[in-house]
Amino acid sequence: MVQAVFTGFFGLAAIWFAVVVFRTSSMVRSALALLFSQAAIGGMFLAMQTEFLGVLQIMMMATEMAIMAIFMVMYMMDPGGLGGMDMTHQKRASQVAGALGALAALAVAFFAGWGPIAPEVRPAEQVYGLGIEIMERSMLIFETAGVTILTAMIAATAIAIKRRGKE
Amino acid sequence: MSAVLTVLMLLVGAYLVAVLEGWVSTGRLRPAGPITSGLALLGRESVVPRQPDRIFFEVAPPLLLVAALLAAAVLPLSPGLVVVDLATGALFVNAALAYVMVALVMAGWGPDGTYAMVGGFRFLGQLIAYSMLIVMPITAVAMRAESLFTTEVVESQAVLPNAVYQPVGFVIFFLAAMGVAFLPPLDLPTAPGELAGGVMAEYTGWRLAVMRLARAVLVVTLAAAISVFYLGGWLGPVLPPWAWSALKTLLVAAAMLLAGRYVPRLRETHVLEWGWKIGIPLALFNIFYVGVLLLVVE
Amino acid sequence: MITLIVALVVGAILFGIGLYGALSQTNLVMIMMGVEVILGGAMVNLVAFWRFLHPEVYSGQMFVLIVMTVMALEMAVGFGVATGRFRAKGSVEMEEAQDLKG
């Protein structure tokens with residue numbers, strides 16, 4: 001019961017901050033609201049006794065979303081949100097799509113038979129268990145992820161770099 | 001109980017760090033200096049600049065303090081004296097320290113001032129230079145301890161402290177910790193003289209007092225982290241464990257502060273370049289070296 | 001059981017908000033934020049499934065790690081595209097990106 005209350009609390013925080021992301025007109029606020037939304041998701045992980053992933057989520061999102069803030073200030077026309085620009089289009093259709101998607105997911109959550117609920121898990125075993133999983137069964141997947149990161153790094157740099165000889 | 005004791009130790013440590021910092025920067029030892037200047041700050045008006053991002057402006061100083069306190073919460077002072085002994089303690093230190101950067105970006109953006117914003121975004125731009133160098137040496141430390149429990153990290157150094165076992169990691173972590181605590185010569189976000197206080201430029205009164213306190217607590221926390229990860233924490237002969245922890249933490253803090261007295265402030269491009277081109281390869285080498293030592297020697 | 005439902009409901013609502021954001025925003029960076037919210041909702045569901053249905057199999061946690069990687073990659077490539085676009089046209093507004101149509 002305590003677990004459900006904490007999960008729900010962090011869940012509400014995550015939802016509230018996620019709404020703020022698209023409602024505020026200040027870009028830095030928007031990026032940091034997303035950061036706190038993701039950190040609240042990390043809090044949900046912790047509430048669900050998934051300690052390693054929770055701490056990892058809280059750590060990674062801090063840097064990721066702060067970098068997002070710097071890019072938003074760089075590329076947006078009105079980063080401070082003082083001009084009151086409307087930055088949305090096809091509002092009605094998006095609202096309908098969002099509501100339909102959420103409803104579909106909710107219907108699955110309520111009507112699917114989830115089977116028996118597992119008993120307690122211990123955090124200390126998780127770090128070990130995840131390490132064994134990465135190094136044994138899922139090693140190929142993990143290696144693939146590493147190679148994908150390298151590819152994406154090279155691709156992103158190649159796209160963003162200034163062309164030589166032009167201008 | 002241990003939470004109260006830890007906060008008490010942190011406050012005493014912050015006071016001593018403030019005295020030391022004053023001594024190092026002015027050359028005069030004034031034991032009452034932090035108290036009088038703190039009281040003076042509390043007495044002054046706390047000005048809110050024109051058109052601020054009010055939420056960020058208010059939240060940034062407490063967030064800096066909370067980040068430093070959270071990082072300190074997983075660091076053990078003696079075998080029983082740790083607020084929470086997390087199974088992912090060494091990772092949690094990183095997670096809490098990442099929010100130092102978030103707090104400074106907020107403090108830079110909030111007050112709508114040029115110097116503050118340059119300082120905040122400069123600290124964010126330096127991210128690679130110090131953040132990776134905090135994470136990667138800790139990886140090597142955790143490899144030796146075969147655990148992320150901070151208490152087990154300390155116990156793994158019973159024979160030989162990590163500062164001797166992996167000196168490269170120790171040096172890198174020490175410098176990166178100075179970068180996170182924005183101590184001179186790496187005080188790029190505040191940069192007195194160049195940015196006129198940077199992220200702290202627009203803060204006055206009690207808000208500045210909170211921010212200065214948070215910075216002093218951050219220095220103590222990072223010194224404690226170095227003592228736990230590299231100097232064997234509470235381990236040592238004769239003296240009781242907590243005394244060893246306190247002694248090592250204070251010595252590390254003093255060394256960090258002294259280093260700034262004799263080195264001029266580095267240029268931000270140089271910090272980023274050296275951190276990226278020298279620091280990260282060295283940190284990778286450190287991980288490799290520790291791995292070889294663990295597999296071959298032991 | 002109740003915690004599982006709570007987590008799934010939060011995941012579903014986050015998915016809806018993210019979908020709305022990704023479709024309604026005109027700016028490339030804001031669209032990426034919508035995608036991040038969607039992935040956040042997916043991660044909540046994955047962790048809930050791992051914890052309450054199969055805690056003995058660590059593939060669930062592995063899946064979350066991969067989703068985190070995907071988030072980081074999406075950001076990296078997205079910012080690469082945004083930088084290239086900004087260099088070429090001086091704006092990352094999607095309404096003005098009609099010239100990308102072949």
# chains A, B, ... in the order shown; residues from 1 in each chain; ligands from 1
$ residues_around --residues "Arg51 (chain C)" --least-positions-apart "4" --cutoff "12 Å" --atoms "only C-alpha atoms" --output "count of residues only"
33
$ interface_residues --of "chain A" --to "chain B" --cutoff "9 Å" --atoms "only C-alpha atoms" --output "list in words"
Val28, Arg29, Leu32, Glu51, Phe52, Val55, Leu56, Gln57, Ile58, Met59, Met60, Ala62, Thr63, Ala66, Ile67, Ile70, Gly80, Pro123, Ala124, Glu125, Gln126, Val127 and Tyr128 of chain A
$ residues_around --residues "Leu235 (chain B)" --least-positions-apart "5" --cutoff "12 Å" --atoms "only C-alpha atoms" --output "MDAnalysis selection string"
chainID B and resid 76:79 151:161 227:230 240:248
$ write_last_selection --atoms "N, CA and C atoms" --output "CSV table (one decimal), in the first residue's frame"
chain,number,residue,atom,x,y,z
B,76,PRO,N,29.9,7.3,4.0
B,76,PRO,CA,30.0,6.9,5.4
B,76,PRO,C,31.1,7.7,6.1
B,77,LEU,N,30.8,8.1,7.3
B,77,LEU,CA,31.8,8.8,8.2
B,77,LEU,C,32.5,7.8,9.0
B,78,SER,N,31.8,6.7,9.5
B,78,SER,CA,32.4,5.6,10.2
B,78,SER,C,31.5,4.4,10.0
B,79,PRO,N,31.9,3.2,10.4
B,79,PRO,CA,31.2,2.0,9.9
B,79,PRO,C,29.7,2.1,10.1
B,151,THR,N,30.3,1.7,1.7
B,151,THR,CA,31.0,1.1,2.9
B,151,THR,C,31.9,0.0,2.4
B,152,GLU,N,31.5,-0.7,1.4
B,152,GLU,CA,32.4,-1.8,0.9
B,152,GLU,C,33.6,-1.2,0.1
B,153,VAL,N,33.3,0.0,-0.5
B,153,VAL,CA,34.4,0.6,-1.2
B,153,VAL,C,35.5,1.0,-0.2
B,154,VAL,N,35.1,1.5,1.0
B,154,VAL,CA,36.1,1.8,2.0
B,154,VAL,C,36.8,0.5,2.5
B,155,GLU,N,36.0,-0.5,2.8
B,155,GLU,CA,36.6,-1.7,3.3
B,155,GLU,C,37.6,-2.4,2.3
B,156,SER,N,37.4,-2.1,1.0
B,156,SER,CA,38.3,-2.7,0.0
B,156,SER,C,39.7,-2.1,0.1
B,157,GLN,N,39.8,-0.9,0.8
B,157,GLN,CA,41.1,-0.3,0.8
B,157,GLN,C,41.8,-0.5,2.1
B,158,ALA,N,41.5,-1.6,2.8
B,158,ALA,CA,42.1,-1.9,4.1
B,158,ALA,C,43.6,-2.1,4.0
B,159,VAL,N,44.0,-2.8,2.9
B,159,VAL,CA,45.5,-3.0,2.7
B,159,VAL,C,46.2,-1.8,2.1
B,160,LEU,N,45.6,-1.3,1.0
B,160,LEU,CA,46.2,-0.2,0.3
B,160,LEU,C,45.2,0.8,-0.2
B,161,PRO,N,45.3,2.1,0.2
B,161,PRO,CA,44.3,3.0,-0.3
B,161,PRO,C,44.3,3.2,-1.8
B,227,SER,N,37.9,11.3,0.1
B,227,SER,CA,38.4,10.5,1.2
B,227,SER,C,37.8,9.1,1.2
B,228,VAL,N,36.5,9.0,0.9
B,228,VAL,CA,35.9,7.7,0.9
B,228,VAL,C,36.4,6.8,-0.3
B,229,PHE,N,36.5,7.4,-1.4
B,229,PHE,CA,36.8,6.6,-2.6
B,229,PHE,C,38.3,6.4,-2.8
B,230,TYR,N,39.1,7.3,-2.3
B,230,TYR,CA,40.6,7.1,-2.6
B,230,TYR,C,41.5,7.1,-1.4
B,240,PRO,N,39.9,7.1,16.6
B,240,PRO,CA,38.6,6.5,16.3
B,240,PRO,C,38.2,6.8,14.8
B,241,PRO,N,37.4,5.9,14.3
B,241,PRO,CA,37.0,6.1,12.8
B,241,PRO,C,36.5,7.4,12.4
B,242,TRP,N,35.6,8.0,13.2
B,242,TRP,CA,35.1,9.3,12.7
B,242,TRP,C,36.1,10.4,12.7
B,243,ALA,N,37.1,10.3,13.6
B,243,ALA,CA,38.2,11.3,13.6
B,243,ALA,C,39.0,11.2,12.3
B,244,TRP,N,39.3,9.9,11.9
B,244,TRP,CA,40.0,9.8,10.6
B,244,TRP,C,39.3,10.3,9.5
B,245,SER,N,38.0,10.0,9.4
B,245,SER,CA,37.1,10.6,8.3
B,245,SER,C,37.2,12.1,8.3
B,246,ALA,N,37.0,12.7,9.5
B,246,ALA,CA,37.0,14.2,9.5
B,246,ALA,C,38.4,14.7,9.1
B,247,LEU,N,39.4,14.1,9.6
B,247,LEU,CA,40.8,14.6,9.4
B,247,LEU,C,41.1,14.5,7.9
B,248,LYS,N,40.8,13.4,7.3
B,248,LYS,CA,41.1,13.2,5.8
B,248,LYS,C,40.3,14.2,5.0
$ interface_residues --of "chain A" --to "chain C" --cutoff "6 Å" --atoms "only C-alpha atoms" --output "PDB file with all heavy atoms, in the first residue's frame"
ATOM      1  N   ALA A   4       2.280   1.699  -3.324  1.00  0.00           N
ATOM      2  CA  ALA A   4       1.346   2.257  -4.304  1.00  0.00           C
ATOM      3  C   ALA A   4       1.232   3.758  -4.130  1.00  0.00           C
ATOM      4  O   ALA A   4       1.202   4.505  -5.112  1.00  0.00           O
ATOM      5  CB  ALA A   4      -0.023   1.595  -4.148  1.00  0.00           C
ATOM      6  N   GLY A  11       4.245   9.416  -9.822  1.00  0.00           N
ATOM      7  CA  GLY A  11       3.560   9.382 -11.109  1.00  0.00           C
ATOM      8  C   GLY A  11       2.822  10.677 -11.378  1.00  0.00           C
ATOM      9  O   GLY A  11       2.902  11.237 -12.477  1.00  0.00           O
ATOM     10  N   MET A  87       3.154  28.265 -30.593  1.00  0.00           N
ATOM     11  CA  MET A  87       4.115  27.356 -31.210  1.00  0.00           C
ATOM     12  C   MET A  87       3.475  26.024 -31.559  1.00  0.00           C
ATOM     13  O   MET A  87       4.152  25.018 -31.615  1.00  0.00           O
ATOM     14  CB  MET A  87       5.274  27.115 -30.248  1.00  0.00           C
ATOM     15  CG  MET A  87       5.903  28.383 -29.761  1.00  0.00           C
ATOM     16  SD  MET A  87       7.335  28.776 -30.696  1.00  0.00           S
ATOM     17  CE  MET A  87       8.303  27.352 -30.314  1.00  0.00           C
ATOM     18  N   THR A  88       2.155  26.011 -31.736  1.00  0.00           N
ATOM     19  CA  THR A  88       1.498  24.735 -31.985  1.00  0.00           C
ATOM     20  C   THR A  88       0.771  24.775 -33.314  1.00  0.00           C
ATOM     21  O   THR A  88       0.471  25.840 -33.851  1.00  0.00           O
ATOM     22  CB  THR A  88       0.483  24.430 -30.881  1.00  0.00           C
ATOM     23  OG1 THR A  88      -0.409  25.529 -30.793  1.00  0.00           O
ATOM     24  CG2 THR A  88       1.157  24.222 -29.557  1.00  0.00           C
ATOM     25  N   HIS A  89       0.507  23.626 -33.842  1.00  0.00           N
ATOM     26  CA  HIS A  89      -0.361  23.511 -35.013  1.00  0.00           C
ATOM     27  C   HIS A  89      -1.200  22.250 -34.842  1.00  0.00           C
ATOM     28  O   HIS A  89      -0.962  21.463 -33.932  1.00  0.00           O
ATOM     29  CB  HIS A  89       0.452  23.506 -36.314  1.00  0.00           C
ATOM     30  CG  HIS A  89       1.442  22.391 -36.409  1.00  0.00           C
ATOM     31  ND1 HIS A  89       2.230  22.198 -37.496  1.00  0.00           N
ATOM     32  CD2 HIS A  89       1.791  21.411 -35.549  1.00  0.00           C
ATOM     33  CE1 HIS A  89       3.013  21.149 -37.303  1.00  0.00           C
ATOM     34  NE2 HIS A  89       2.764  20.663 -36.136  1.00  0.00           N
ATOM     35  N   GLN A  90      -2.196  22.095 -35.734  1.00  0.00           N
ATOM     36  CA  GLN A  90      -3.124  20.958 -35.711  1.00  0.00           C
ATOM     37  C   GLN A  90      -3.477  20.532 -34.282  1.00  0.00           C
ATOM     38  O   GLN A  90      -3.372  19.379 -33.897  1.00  0.00           O
ATOM     39  CB  GLN A  90      -2.561  19.766 -36.496  1.00  0.00           C
ATOM     40  CG  GLN A  90      -1.147  19.376 -36.153  1.00  0.00           C
ATOM     41  CD  GLN A  90      -0.602  18.350 -37.132  1.00  0.00           C
ATOM     42  OE1 GLN A  90      -1.171  18.066 -38.161  1.00  0.00           O
ATOM     43  NE2 GLN A  90       0.524  17.777 -36.788  1.00  0.00           N
ATOM     44  N   LYS A  91      -3.930  21.540 -33.492  1.00  0.00           N
ATOM     45  CA  LYS A  91      -4.123  21.304 -32.068  1.00  0.00           C
ATOM     46  C   LYS A  91      -5.208  20.265 -31.803  1.00  0.00           C
ATOM     47  O   LYS A  91      -5.010  19.333 -31.031  1.00  0.00           O
ATOM     48  CB  LYS A  91      -4.497  22.612 -31.395  1.00  0.00           C
ATOM     49  CG  LYS A  91      -3.644  22.873 -30.180  1.00  0.00           C
ATOM     50  CD  LYS A  91      -3.924  24.218 -29.601  1.00  0.00           C
ATOM     51  CE  LYS A  91      -3.238  24.307 -28.262  1.00  0.00           C
ATOM     52  NZ  LYS A  91      -3.185  25.655 -27.769  1.00  0.00           N
ATOM     53  N   SER A  94      -4.258  16.723 -32.658  1.00  0.00           N
ATOM     54  CA  SER A  94      -3.278  16.162 -31.726  1.00  0.00           C
ATOM     55  C   SER A  94      -3.923  15.784 -30.420  1.00  0.00           C
ATOM     56  O   SER A  94      -3.617  14.742 -29.835  1.00  0.00           O
ATOM     57  CB  SER A  94      -2.174  17.165 -31.462  1.00  0.00           C
ATOM     58  OG  SER A  94      -1.882  17.890 -32.587  1.00  0.00           O
ATOM     59  N   GLN A  95      -4.849  16.666 -29.957  1.00  0.00           N
ATOM     60  CA  GLN A  95      -5.518  16.341 -28.694  1.00  0.00           C
ATOM     61  C   GLN A  95      -6.287  15.038 -28.817  1.00  0.00           C
ATOM     62  O   GLN A  95      -6.219  14.174 -27.937  1.00  0.00           O
ATOM     63  CB  GLN A  95      -6.466  17.469 -28.299  1.00  0.00           C
ATOM     64  CG  GLN A  95      -5.750  18.601 -27.592  1.00  0.00           C
ATOM     65  CD  GLN A  95      -6.583  19.856 -27.529  1.00  0.00           C
ATOM     66  OE1 GLN A  95      -7.675  19.916 -28.085  1.00  0.00           O
ATOM     67  NE2 GLN A  95      -6.062  20.859 -26.867  1.00  0.00           N
ATOM     68  N   GLY A  98      -3.795  12.145 -28.913  1.00  0.00           N
ATOM     69  CA  GLY A  98      -3.236  11.885 -27.589  1.00  0.00           C
ATOM     70  C   GLY A  98      -4.237  11.199 -26.691  1.00  0.00           C
ATOM     71  O   GLY A  98      -3.939  10.201 -26.021  1.00  0.00           O
ATOM     72  N   ALA A  99      -5.482  11.708 -26.669  1.00  0.00           N
ATOM     73  CA  ALA A  99      -6.508  11.121 -25.808  1.00  0.00           C
ATOM     74  C   ALA A  99      -6.800   9.684 -26.226  1.00  0.00           C
ATOM     75  O   ALA A  99      -6.912   8.789 -25.371  1.00  0.00           O
ATOM     76  CB  ALA A  99      -7.775  11.967 -25.880  1.00  0.00           C
ATOM     77  N   GLY A 101      -4.782   7.591 -27.809  1.00  0.00           N
ATOM     78  CA  GLY A 101      -3.643   6.740 -27.446  1.00  0.00           C
ATOM     79  C   GLY A 101      -3.667   6.398 -25.975  1.00  0.00           C
ATOM     80  O   GLY A 101      -3.520   5.236 -25.576  1.00  0.00           O
ATOM     81  N   ALA A 102      -3.886   7.423 -25.137  1.00  0.00           N
ATOM     82  CA  ALA A 102      -3.916   7.177 -23.699  1.00  0.00           C
ATOM     83  C   ALA A 102      -5.045   6.233 -23.336  1.00  0.00           C
ATOM     84  O   ALA A 102      -4.875   5.313 -22.520  1.00  0.00           O
ATOM     85  CB  ALA A 102      -4.066   8.506 -22.958  1.00  0.00           C
ATOM     86  N   ALA A 105      -4.199   2.643 -24.244  1.00  0.00           N
ATOM     87  CA  ALA A 105      -3.245   2.057 -23.304  1.00  0.00           C
ATOM     88  C   ALA A 105      -3.924   1.773 -21.969  1.00  0.00           C
ATOM     89  O   ALA A 105      -3.693   0.738 -21.337  1.00  0.00           O
ATOM     90  CB  ALA A 105      -2.062   3.005 -23.116  1.00  0.00           C
ATOM     91  N   LEU A 106      -4.815   2.697 -21.529  1.00  0.00           N
ATOM     92  CA  LEU A 106      -5.525   2.498 -20.262  1.00  0.00           C
ATOM     93  C   LEU A 106      -6.407   1.262 -20.328  1.00  0.00           C
ATOM     94  O   LEU A 106      -6.477   0.473 -19.374  1.00  0.00           O
ATOM     95  CB  LEU A 106      -6.383   3.717 -19.950  1.00  0.00           C
ATOM     96  CG  LEU A 106      -5.665   4.908 -19.327  1.00  0.00           C
ATOM     97  CD1 LEU A 106      -6.634   6.049 -19.150  1.00  0.00           C
ATOM     98  CD2 LEU A 106      -5.069   4.519 -18.000  1.00  0.00           C
ATOM     99  N   ALA A 109      -4.398  -1.679 -19.877  1.00  0.00           N
ATOM    100  CA  ALA A 109      -3.938  -1.806 -18.495  1.00  0.00           C
ATOM    101  C   ALA A 109      -5.023  -2.390 -17.617  1.00  0.00           C
ATOM    102  O   ALA A 109      -4.762  -3.205 -16.732  1.00  0.00           O
ATOM    103  CB  ALA A 109      -3.507  -0.435 -17.975  1.00  0.00           C
ATOM    104  N   ILE A 117       1.133 -11.685  -8.957  1.00  0.00           N
ATOM    105  CA  ILE A 117       2.098 -10.624  -8.682  1.00  0.00           C
ATOM    106  C   ILE A 117       3.303 -11.233  -7.962  1.00  0.00           C
ATOM    107  O   ILE A 117       3.158 -12.041  -7.039  1.00  0.00           O
ATOM    108  CB  ILE A 117       1.442  -9.550  -7.795  1.00  0.00           C
ATOM    109  CG1 ILE A 117       0.357  -8.821  -8.570  1.00  0.00           C
ATOM    110  CG2 ILE A 117       2.474  -8.553  -7.294  1.00  0.00           C
ATOM    111  CD1 ILE A 117       0.857  -8.094  -9.787  1.00  0.00           C
ATOM    112  N   ALA A 118       4.492 -10.829  -8.392  1.00  0.00           N
ATOM    113  CA  ALA A 118       5.712 -11.405  -7.823  1.00  0.00           C
ATOM    114  C   ALA A 118       5.965 -10.860  -6.423  1.00  0.00           C
ATOM    115  O   ALA A 118       5.538  -9.763  -6.096  1.00  0.00           O
ATOM    116  CB  ALA A 118       6.882 -11.068  -8.729  1.00  0.00           C
ATOM    117  N   LEU A 130      21.729  -7.750 -12.852  1.00  0.00           N
ATOM    118  CA  LEU A 130      21.766  -6.995 -14.103  1.00  0.00           C
ATOM    119  C   LEU A 130      23.143  -7.124 -14.749  1.00  0.00           C
ATOM    120  O   LEU A 130      23.255  -7.281 -15.973  1.00  0.00           O
ATOM    121  CB  LEU A 130      21.428  -5.536 -13.832  1.00  0.00           C
ATOM    122  CG  LEU A 130      21.283  -4.640 -15.056  1.00  0.00           C
ATOM    123  CD1 LEU A 130      20.207  -5.174 -15.969  1.00  0.00           C
ATOM    124  CD2 LEU A 130      20.969  -3.227 -14.653  1.00  0.00           C
ATOM    125  N   ALA A 156      25.746  12.036 -36.225  1.00  0.00           N
ATOM    126  CA  ALA A 156      25.327  13.354 -35.761  1.00  0.00           C
ATOM    127  C   ALA A 156      26.411  14.387 -36.046  1.00  0.00           C
ATOM    128  O   ALA A 156      26.129  15.503 -36.500  1.00  0.00           O
ATOM    129  CB  ALA A 156      25.016  13.295 -34.267  1.00  0.00           C
ATOM    130  N   ILE A 159      26.472  15.213 -39.757  1.00  0.00           N
ATOM    131  CA  ILE A 159      25.381  16.087 -40.198  1.00  0.00           C
ATOM    132  C   ILE A 159      25.632  17.518 -39.752  1.00  0.00           C
ATOM    133  O   ILE A 159      25.436  18.471 -40.503  1.00  0.00           O
ATOM    134  CB  ILE A 159      24.036  15.588 -39.620  1.00  0.00           C
ATOM    135  CG1 ILE A 159      23.690  14.211 -40.159  1.00  0.00           C
ATOM    136  CG2 ILE A 159      22.923  16.552 -39.975  1.00  0.00           C
ATOM    137  CD1 ILE A 159      22.527  13.584 -39.448  1.00  0.00           C
ATOM    138  N   ALA A 160      26.097  17.661 -38.494  1.00  0.00           N
ATOM    139  CA  ALA A 160      26.138  18.993 -37.911  1.00  0.00           C
ATOM    140  C   ALA A 160      27.360  19.785 -38.331  1.00  0.00           C
ATOM    141  O   ALA A 160      27.381  21.000 -38.218  1.00  0.00           O
ATOM    142  CB  ALA A 160      26.097  18.876 -36.387  1.00  0.00           C
TER     143      ALA A 160
END
$ select_by_dssp --residues "chain C" --states "helix (DSSP H, G or I)" --output "number ranges by chain"
C: 2-24, 28-52, 59-89, 97-100
$ atom_distance --atom1 "CA of Ala97 (chain A)" --atom2 "CA of Phe71 (chain A)"
27.8 Å
$ closest_residue --among "B:Ala140, B:Ala201, B:Val47, B:Leu282" --to "Ile172 (chain B)" --atoms "only C-alpha atoms"
B:Leu282
$ atom_distance --atom1 "CA of Ala90 (chain B)" --atom2 "CA of Val135 (chain B)"
9.2 Å
$ decode --residues "region 70-135 of chain B" --atoms "C-alpha atoms" --output "compact mmCIF listing (two decimals), in the first residue's frame"
# COMPACT_ATOMS: atom_id res chain seq x y z
CA LEU B 70 22.05 14.15 -0.99
CA ALA B 71 25.54 13.29 -2.20
CA ALA B 72 26.77 13.44 1.40
CA ALA B 73 23.93 11.17 2.56
CA VAL B 74 25.48 8.03 1.03
CA LEU B 75 29.07 8.73 2.17
CA PRO B 76 30.00 6.89 5.38
CA LEU B 77 31.81 8.76 8.15
CA SER B 78 32.42 5.64 10.23
CA PRO B 79 31.21 2.02 9.93
CA GLY B 80 27.78 2.71 11.41
CA LEU B 81 27.49 6.39 10.60
CA VAL B 82 25.94 6.63 7.15
CA VAL B 83 22.50 8.12 6.49
CA VAL B 84 21.44 5.59 3.82
CA ASP B 85 23.66 2.72 2.76
CA LEU B 86 22.35 2.36 -0.78
CA ALA B 87 23.17 -0.69 -2.90
CA THR B 88 24.04 1.81 -5.64
CA GLY B 89 25.80 4.35 -3.40
CA ALA B 90 28.74 5.10 -5.70
CA LEU B 91 26.36 5.75 -8.61
CA PHE B 92 24.09 7.84 -6.41
CA VAL B 93 26.95 10.26 -5.69
CA ASN B 94 27.15 10.94 -9.44
CA ALA B 95 23.39 11.35 -9.71
CA ALA B 96 23.31 13.91 -6.91
CA LEU B 97 26.31 15.82 -8.27
CA ALA B 98 24.62 16.09 -11.70
CA TYR B 99 22.02 18.33 -10.05
CA VAL B 100 24.74 20.81 -9.08
CA MET B 101 24.92 21.59 -12.78
CA VAL B 102 21.13 21.84 -13.03
CA ALA B 103 21.04 24.25 -10.08
CA LEU B 104 23.71 26.45 -11.63
CA VAL B 105 21.93 26.54 -15.00
CA MET B 106 18.77 27.59 -13.16
CA ALA B 107 20.66 30.22 -11.18
CA GLY B 108 22.18 31.49 -14.39
CA TRP B 109 18.94 31.70 -16.35
CA GLY B 110 16.67 32.85 -13.52
CA PRO B 111 17.76 36.41 -12.73
CA ASP B 112 17.77 37.64 -16.35
CA GLY B 113 21.33 38.97 -16.13
CA THR B 114 24.07 38.70 -18.73
CA TYR B 115 26.93 37.69 -16.45
CA ALA B 116 24.78 35.14 -14.65
CA MET B 117 23.63 33.55 -17.89
CA VAL B 118 27.16 33.39 -19.31
CA GLY B 119 28.30 31.72 -16.08
CA GLY B 120 25.46 29.20 -15.99
CA PHE B 121 25.73 28.13 -19.62
CA ARG B 122 29.51 28.05 -19.36
CA PHE B 123 29.24 25.51 -16.55
CA LEU B 124 26.86 23.48 -18.70
CA GLY B 125 29.23 23.73 -21.65
CA GLN B 126 32.06 22.41 -19.50
CA LEU B 127 29.98 19.33 -18.68
CA ILE B 128 32.14 16.86 -20.56
CA ALA B 129 35.28 18.26 -18.97
CA TYR B 130 34.31 17.34 -15.41
CA SER B 131 31.24 15.11 -15.43
CA MET B 132 32.81 12.19 -17.30
CA LEU B 133 35.92 12.52 -15.18
CA ILE B 134 33.80 12.08 -12.05
CA VAL B 135 32.01 8.99 -13.39
